[in-house]
Each structure stands twice: as C-alpha cells, then as structure tokens.
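Below is the file protein-v8.csv, which contains CSV, C-alpha atoms.
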```csv
chain,number,residue,atom,x,y,z
A,1,MET,CA,6.0,59.9,-42.7
A,2,LYS,CA,4.2,56.9,-44.0
A,3,LEU,CA,7.2,54.7,-44.7
A,4,LYS,CA,5.1,51.6,-44.5
A,5,ARG,CA,3.7,52.4,-47.9
A,6,ALA,CA,7.1,51.4,-49.3
A,7,ILE,CA,6.8,47.9,-47.8
A,8,ALA,CA,5.4,45.3,-50.3
A,9,ALA,CA,3.7,42.0,-49.4
A,10,ILE,CA,5.9,39.3,-48.0
A,11,VAL,CA,6.1,35.9,-49.6
A,12,LEU,CA,7.6,33.0,-47.7
A,13,VAL,CA,10.3,31.1,-49.6
A,14,SER,CA,11.5,27.9,-48.0
A,15,ALA,CA,14.5,25.7,-48.9
A,16,PHE,CA,14.7,22.0,-49.1
A,17,ALA,CA,15.6,20.7,-45.6
A,18,ALA,CA,19.0,18.9,-45.8
A,19,PRO,CA,19.6,15.9,-43.5
A,20,VAL,CA,22.3,15.8,-40.9
A,21,ALA,CA,23.3,12.2,-41.5
A,22,ALA,CA,23.9,10.0,-44.5
A,23,GLY,CA,21.0,7.9,-45.9
A,24,PRO,CA,18.0,8.2,-48.2
A,25,MET,CA,17.2,11.7,-47.1
A,26,GLU,CA,20.8,12.8,-48.0
A,27,ASP,CA,20.5,11.1,-51.4
A,28,ALA,CA,17.1,12.8,-51.9
A,29,ALA,CA,18.6,16.2,-51.0
A,30,ASP,CA,21.5,15.6,-53.4
A,31,ALA,CA,19.0,14.6,-56.2
A,32,TYR,CA,16.9,17.7,-55.5
A,33,VAL,CA,19.8,20.0,-55.7
A,34,ARG,CA,20.8,18.5,-59.0
A,35,GLY,CA,17.3,19.0,-60.3
A,36,ASP,CA,16.5,15.2,-60.4
A,37,TYR,CA,13.1,15.8,-58.7
A,38,ALA,CA,11.8,12.4,-59.8
A,39,LYS,CA,14.5,10.6,-57.8
A,40,ALA,CA,14.1,13.0,-54.9
A,41,LEU,CA,10.3,12.2,-54.8
A,42,ARG,CA,10.9,8.5,-55.1
A,43,LEU,CA,13.2,8.6,-52.0
A,44,ILE,CA,11.2,11.0,-49.9
A,45,ARG,CA,7.7,9.7,-50.3
A,46,PRO,CA,8.2,6.4,-48.4
A,47,LEU,CA,9.9,8.3,-45.6
A,48,ALA,CA,7.1,10.7,-45.4
A,49,ASN,CA,4.5,7.9,-45.4
A,50,ASP,CA,6.5,6.3,-42.5
A,51,GLY,CA,6.1,9.6,-40.5
A,52,ASP,CA,9.5,11.2,-40.9
A,53,ALA,CA,8.7,14.9,-40.3
A,54,ALA,CA,11.6,16.3,-42.4
A,55,ALA,CA,10.5,14.1,-45.3
A,56,GLN,CA,6.9,15.2,-44.9
A,57,TYR,CA,8.1,18.9,-44.9
A,58,ASN,CA,10.2,18.3,-48.1
A,59,LEU,CA,7.4,16.5,-49.8
A,60,ALA,CA,5.1,19.4,-49.0
A,61,LEU,CA,7.6,21.8,-50.5
A,62,MET,CA,7.7,19.7,-53.7
A,63,TYR,CA,3.9,20.0,-54.0
A,64,MET,CA,3.9,23.7,-53.2
A,65,THR,CA,6.5,24.5,-55.8
A,66,GLY,CA,5.5,21.8,-58.4
A,67,ARG,CA,8.9,20.2,-58.5
A,68,GLY,CA,8.7,16.5,-59.3
A,69,VAL,CA,4.9,16.6,-59.0
A,70,GLN,CA,2.0,18.7,-60.3
A,71,GLN,CA,1.7,21.8,-58.1
A,72,ASP,CA,-1.0,21.1,-55.5
A,73,TYR,CA,-1.5,23.4,-52.6
A,74,THR,CA,-4.0,21.1,-51.0
A,75,ALA,CA,-1.5,18.2,-50.9
A,76,ALA,CA,1.2,20.7,-49.7
A,77,ALA,CA,-1.1,21.7,-46.8
A,78,ILE,CA,-1.8,18.0,-45.9
A,79,TRP,CA,1.9,17.2,-45.7
A,80,PHE,CA,2.9,20.4,-44.0
A,81,ARG,CA,0.3,19.7,-41.4
A,82,LYS,CA,1.6,16.2,-40.8
A,83,ALA,CA,5.1,17.6,-40.1
A,84,ALA,CA,3.7,20.6,-38.2
A,85,GLU,CA,1.8,18.4,-35.8
A,86,GLN,CA,5.0,16.7,-35.0
A,87,GLY,CA,6.5,20.1,-34.0
A,88,TYR,CA,8.5,20.7,-37.1
A,89,ALA,CA,9.0,24.5,-37.0
A,90,PHE,CA,9.5,25.1,-40.7
A,91,ALA,CA,6.4,23.1,-41.6
A,92,GLN,CA,4.5,25.2,-39.0
A,93,SER,CA,5.5,28.5,-40.6
A,94,ASN,CA,4.7,27.3,-44.1
A,95,LEU,CA,1.3,25.9,-43.0
A,96,GLY,CA,0.7,29.3,-41.5
A,97,VAL,CA,1.4,31.0,-44.8
A,98,LEU,CA,-1.0,28.7,-46.6
A,99,TYR,CA,-3.7,29.7,-44.1
A,100,ARG,CA,-2.8,33.3,-44.4
A,101,ASP,CA,-3.0,33.2,-48.2
A,102,GLY,CA,-5.9,30.7,-48.5
A,103,ARG,CA,-3.9,28.3,-50.7
A,104,GLY,CA,-4.9,24.7,-50.3
A,105,VAL,CA,-7.0,25.5,-47.2
A,106,THR,CA,-9.7,28.0,-46.4
A,107,ARG,CA,-8.1,31.3,-45.6
A,108,ASP,CA,-8.0,31.7,-41.8
A,109,PHE,CA,-5.9,34.4,-40.3
A,110,THR,CA,-6.4,33.1,-36.7
A,111,GLU,CA,-5.2,29.7,-37.7
A,112,ALA,CA,-2.2,31.2,-39.6
A,113,THR,CA,-1.2,33.2,-36.5
A,114,MET,CA,-1.4,30.1,-34.4
A,115,TRP,CA,1.0,28.2,-36.6
A,116,PHE,CA,3.4,31.2,-36.9
A,117,ARG,CA,3.5,31.4,-33.1
A,118,LYS,CA,4.3,27.7,-32.7
A,119,ALA,CA,7.2,28.1,-35.1
A,120,ALA,CA,8.3,31.4,-33.6
A,121,ASP,CA,8.4,29.9,-30.2
A,122,GLN,CA,11.0,27.5,-31.5
A,123,GLY,CA,13.1,30.4,-32.7
A,124,ASP,CA,12.3,30.2,-36.5
A,125,ALA,CA,13.3,33.7,-37.7
A,126,VAL,CA,10.8,33.6,-40.6
A,127,ALA,CA,8.0,32.8,-38.3
A,128,GLU,CA,9.1,35.4,-35.8
A,129,PHE,CA,8.9,38.0,-38.6
A,130,LEU,CA,5.5,36.7,-39.9
A,131,LEU,CA,4.1,36.8,-36.4
A,132,GLY,CA,5.3,40.4,-35.9
A,133,HIS,CA,3.7,41.2,-39.2
A,134,GLN,CA,0.4,39.8,-37.9
A,135,TYR,CA,0.6,42.0,-34.8
A,136,ALA,CA,1.7,45.1,-36.7
A,137,ASN,CA,-1.3,44.9,-38.9
A,138,GLY,CA,-3.9,43.3,-36.6
A,139,ILE,CA,-4.3,40.2,-38.7
A,140,GLY,CA,-5.6,37.2,-36.8
A,141,VAL,CA,-4.8,39.1,-33.5
A,142,PRO,CA,-5.6,42.5,-32.1
A,143,GLN,CA,-3.2,45.1,-33.4
A,144,ASP,CA,-0.3,45.5,-31.0
A,145,TYR,CA,2.7,47.5,-32.1
A,146,GLY,CA,4.7,46.6,-28.9
A,147,GLU,CA,4.2,42.9,-29.5
A,148,ALA,CA,5.1,43.4,-33.2
A,149,MET,CA,8.4,45.0,-32.1
A,150,ILE,CA,9.3,42.1,-30.0
A,151,TRP,CA,8.9,39.6,-32.8
A,152,PHE,CA,10.5,41.8,-35.5
A,153,ARG,CA,13.5,42.3,-33.2
A,154,ARG,CA,13.9,38.6,-32.5
A,155,ALA,CA,13.9,37.9,-36.3
A,156,ALA,CA,16.2,40.8,-37.0
A,157,GLU,CA,18.7,39.6,-34.3
A,158,GLN,CA,18.9,36.4,-36.3
A,159,GLY,CA,19.7,38.4,-39.5
A,160,HIS,CA,16.3,38.5,-41.1
A,161,ALA,CA,16.6,41.3,-43.6
A,162,VAL,CA,12.9,42.1,-44.0
A,163,ALA,CA,12.4,42.2,-40.2
A,164,LYS,CA,15.2,44.8,-40.1
A,165,LEU,CA,13.3,46.8,-42.7
A,166,HIS,CA,10.1,46.6,-40.6
A,167,LEU,CA,12.0,47.6,-37.4
A,168,GLY,CA,13.2,50.6,-39.2
A,169,VAL,CA,9.7,51.5,-40.2
A,170,MET,CA,8.4,51.1,-36.6
A,171,TYR,CA,11.2,53.4,-35.3
A,172,ALA,CA,10.6,56.0,-38.1
A,173,GLU,CA,6.9,56.1,-37.4
A,174,GLY,CA,7.1,55.7,-33.6
A,175,ARG,CA,4.9,52.6,-33.5
A,176,GLY,CA,5.5,50.5,-30.4
A,177,VAL,CA,8.6,52.6,-29.6
A,178,PRO,CA,9.4,56.3,-29.3
A,179,GLN,CA,10.1,57.8,-32.8
A,180,ASP,CA,13.8,57.6,-33.4
A,181,TYR,CA,15.2,58.3,-36.9
A,182,VAL,CA,18.8,57.3,-35.8
A,183,LEU,CA,17.7,53.7,-35.0
A,184,ALA,CA,15.4,53.7,-38.0
A,185,HIS,CA,18.3,54.6,-40.3
A,186,MET,CA,20.5,51.9,-38.6
A,187,TRP,CA,18.0,49.2,-39.3
A,188,PHE,CA,17.3,50.4,-42.9
A,189,SER,CA,21.1,50.4,-43.5
A,190,LEU,CA,21.5,46.9,-42.1
A,191,ALA,CA,18.6,45.6,-44.3
A,192,ALA,CA,20.0,47.4,-47.4
A,193,ALA,CA,23.4,45.7,-46.8
A,194,GLN,CA,21.7,42.4,-47.1
A,195,GLY,CA,20.3,43.3,-50.5
A,196,GLU,CA,16.9,44.5,-49.3
A,197,GLN,CA,16.3,47.1,-52.0
A,198,ARG,CA,13.2,48.6,-50.4
A,199,ALA,CA,15.4,49.6,-47.5
A,200,VAL,CA,17.4,51.9,-49.7
A,201,LYS,CA,14.3,54.1,-50.4
A,202,THR,CA,13.2,54.2,-46.8
A,203,GLN,CA,16.7,55.0,-45.7
A,204,GLU,CA,16.8,58.0,-48.1
A,205,MET,CA,13.4,59.1,-46.7
A,206,ALA,CA,14.7,58.9,-43.2
A,207,GLU,CA,17.8,60.9,-44.1
A,208,ARG,CA,15.6,63.8,-45.2
A,209,ARG,CA,14.5,64.1,-41.6
A,210,MET,CA,17.9,63.8,-40.0
A,211,THR,CA,20.9,66.1,-39.3
A,212,PRO,CA,24.4,65.1,-40.6
A,213,ALA,CA,25.4,64.2,-37.0
A,214,GLN,CA,22.4,61.9,-36.6
A,215,ILE,CA,23.2,60.2,-39.9
A,216,ASN,CA,26.8,59.7,-38.8
A,217,GLU,CA,25.6,58.2,-35.5
A,218,ALA,CA,23.3,55.8,-37.3
A,219,GLN,CA,26.1,54.7,-39.7
A,220,LYS,CA,28.3,54.0,-36.7
A,221,LEU,CA,25.6,52.0,-35.0
A,222,ALA,CA,25.1,49.9,-38.2
A,223,ARG,CA,28.9,49.3,-38.5
A,224,ASP,CA,29.1,48.1,-34.9
A,225,TRP,CA,25.9,46.0,-34.9
A,226,LYS,CA,26.3,42.2,-34.5
A,227,PRO,CA,23.5,39.6,-34.6
A,228,ALA,CA,22.6,38.2,-31.2
A,229,THR,CA,21.9,34.7,-32.6
A,230,GLN,CA,22.4,32.7,-35.8
A,231,PRO,CA,19.3,31.6,-37.8
A,232,ALA,CA,18.5,28.0,-37.9
A,233,PRO,CA,19.1,26.5,-41.4
A,234,ARG,CA,16.0,26.1,-43.5
```
Write-out of the structure in structure tokens:
Amino acid sequence: MKLKRAIAAIVLVSAFAAPVAAGPMEDAADAYVRGDYAKALRLIRPLANDGDAAAQYNLALMYMTGRGVQQDYTAAAIWFRKAAEQGYAFAQSNLGVLYRDGRGVTRDFTEATMWFRKAADQGDAVAEFLLGHQYANGIGVPQDYGEAMIWFRRAAEQGHAVAKLHLGVMYAEGRGVPQDYVLAHMWFSLAAAQGEQRAVKTQEMAERRMTPAQINEAQKLARDWKPATQPAPR
C-alpha cells in the first residue's frame, strides 16, 4: 500500500514575525499587513543592520517573497543566516529550506538538515516536520524511520497538519512502527480536519483495508485527540 505516492513535495511558507512590544518593529508589522511594504522595509532595515534577529528574519522574508524589494534568494539567505546564527529558530528552518532547495545558496542536504535540527531542538513545529522528512527519505542523514516518527510526532502534537498526514502514512505502511490502520486513519482524519486535502484520499485508501469496527475506533480516537503542546507563533 504505497500511500506515500499521494504525498506531494512540501514548501515552507513563513509569516512575518510580529513584535511583542510597541516600537518600530510593531509599526513595520502593521505596515506589512496593510501591504505598505516600502514603509515596512524602511523601518526594518536599520534594525536588521543593528543586529536585531527578528528584523533580520523579516528582512530575509521580504527578499524571499519579493515584497518591498526585488526577489533575491541570495540576499534572503544572507539575512536568514544572520538571524539563524543568533539562534532565531524560524530563520534556521527557513535557511535550511534554502539549502534543501538550492535557492540563494549551493544545494546542500547535510547543511539543510543541520539547520532543521537547530530549529527543531527549539520546538519549531515546521522544523520538526522537515527534519522528520529528511530522516524518512534519507536526505542529508541516513534513512531512519524510527527517528522520522519521533520528529513527525513532535510536529503533529503541535498541530502540524502535514506531519499528521505523514504519521498516518508511516502507520499505514509500517515504517518505524508496527503497521496499524486504525492509527493511520486517525492521523489522516486529523489532518483532513485541518484542511489537508491529500489526507482525504489517503484516509479513503486506508478504509478499504479496515473493518467497520476499526473505522469506528479510529474515528473515536480522532474525536478524543488533543494536541500536547501549542505551536509557537511564526
């Protein structure tokens, strides 16, 4: 049952980091939300030049998305690195994606995995998922389904929908865990409830291998499931 064929490539999408206190960063965030990217850039760049990690991360996002500046992955990588080297988790996960995809930097799966791990170790759900994906596919690390399950589960427990989908695949195929269609169905159901459309197809595929009693059990597990932790805001 090759459910993994239904899983498409994952693209990281990151949001503008909002400040926790009033000041230039708050004004920049407000301008960004309103679509006034020129003002956001004008406020952020001096802060980034002064070494503010959140500003460096946001400036990198603007270069990555081409908002307020010409899209420039090389510049995005430079600014993500500045923030990442200060321990800013979201910059670390984004820098890892650039290395994974070879955008703005030479493609390097080992380097990508290193940055994913740094962010995952800080509890970033996106990085946890991405690190699990590296282990599941043997990209930048030896393939290790057990390790992949650990990171997929950590991301899923924070509500990461695609991690839930991948957990379901691992259970359905018995990779890193004993094959269990009930748990596979549960995770597919949870992912689908978050709008992950690919999970609908995989859930239907799992149901064809299940008894009505097993489906009922999986549905109950999904209804009773609660996330263990809340994701950090991006």
Checklist entry - Using all atoms listed in the file, which residue out of A:Gly35, A:Gly176, A:Gly104, A:Gly146 lies closest to Gln71 (chain A)? => result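 Under the stated criterion, the closest residue is A:Gly104.
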Item to check | Separation of CA of Arg198 (chain A) from CA of Ala156 (chain A), in Å and rounded to one decimal | outcome: 15.8 Å
With 8 Å as the threshold, what does the neighbourhood of (17.3, 11.6, -52.3) contain in terms of residues, counting all atoms listed in the file? Coordinates are those of the file; answer as a PDB file with C-alpha atoms, in the frame of the given file.
```
ATOM      1  CA  PRO A  24      18.000   8.200 -48.200  1.00  0.00           C
ATOM      2  CA  MET A  25      17.200  11.700 -47.100  1.00  0.00           C
ATOM      3  CA  GLU A  26      20.800  12.800 -48.000  1.00  0.00           C
ATOM      4  CA  ASP A  27      20.500  11.100 -51.400  1.00  0.00           C
ATOM      5  CA  ALA A  28      17.100  12.800 -51.900  1.00  0.00           C
ATOM      6  CA  ALA A  29      18.600  16.200 -51.000  1.00  0.00           C
ATOM      7  CA  ASP A  30      21.500  15.600 -53.400  1.00  0.00           C
ATOM      8  CA  ALA A  31      19.000  14.600 -56.200  1.00  0.00           C
ATOM      9  CA  TYR A  32      16.900  17.700 -55.500  1.00  0.00           C
ATOM     10  CA  LYS A  39      14.500  10.600 -57.800  1.00  0.00           C
ATOM     11  CA  ALA A  40      14.100  13.000 -54.900  1.00  0.00           C
ATOM     12  CA  LEU A  41      10.300  12.200 -54.800  1.00  0.00           C
ATOM     13  CA  ARG A  42      10.900   8.500 -55.100  1.00  0.00           C
ATOM     14  CA  LEU A  43      13.200   8.600 -52.000  1.00  0.00           C
ATOM     15  CA  ILE A  44      11.200  11.000 -49.900  1.00  0.00           C
TER      16      ILE A  44
END
```
Checklist entry - Looking at A:Gly195, A:Glu217, A:His160, A:Arg175, which one is nearest to Ala148 (chain A), with distances taken over all atoms listed in the file? => result A:Arg175
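The space separating CA of Gly66 (chain A) from CA of Glu111 (chain A) comes to 24.6 Å.
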Checklist entry - Taking into account only C-alpha atoms, which residue in the set A:Arg154, A:Glu207, A:Tyr135, A:His185 is nearest to Ala120 (chain A)? => result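 Using only C-alpha atoms, Ala120 (chain A) sits closest to A:Arg154.
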Checklist entry - What does the distance from CA of Ala83 (chain A) to CA of Gln134 (chain A) come to in Å, to one decimal? => result 22.8 Å
Checklist outcome for this item: Leu130 (chain A) proximity check over A:Leu95, A:Met205, A:Val105, A:Val169, using all atoms listed in the file: winner is A:Leu95
Item to check | Using all atoms listed in the file: which of A:Val162, A:Phe129, A:Pro46, A:Ala38 has the shortest distance to Met62 (chain A) | outcome: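 Counting all atoms listed in the file, the residue closest to Met62 (chain A) is A:Ala38.
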Item to check | Nearest to Phe152 (chain A) by atom-to-atom distance, counting all atoms listed in the file, from A:Gly168, A:Arg45, A:Gly132, A:Asn137 | outcome: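 Counting all atoms listed in the file, the residue closest to Phe152 (chain A) is A:Gly132.
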Checklist entry - Which polymer residues have any atom within 12 Å of an atom of Ala76 (chain A), counting all atoms listed in the file, with same-chain residues fewer than 3 positions away left out, as number ranges by chain? => result A: 56-67, 69-73, 79-84, 91, 94-99, 103-105
Checklist entry - Which polymer residues, protein or nucleic acid, are no farther than 8 Å from (21.4, 56.5, -38.0), counting all atoms listed in the file, as a list of chain:residue names? => result A:Tyr181, A:Val182, A:Leu183, A:Ala184, A:His185, A:Met186, A:Gln214, A:Ile215, A:Asn216, A:Glu217, A:Ala218, A:Gln219, A:Lys220, A:Leu221, A:Ala222
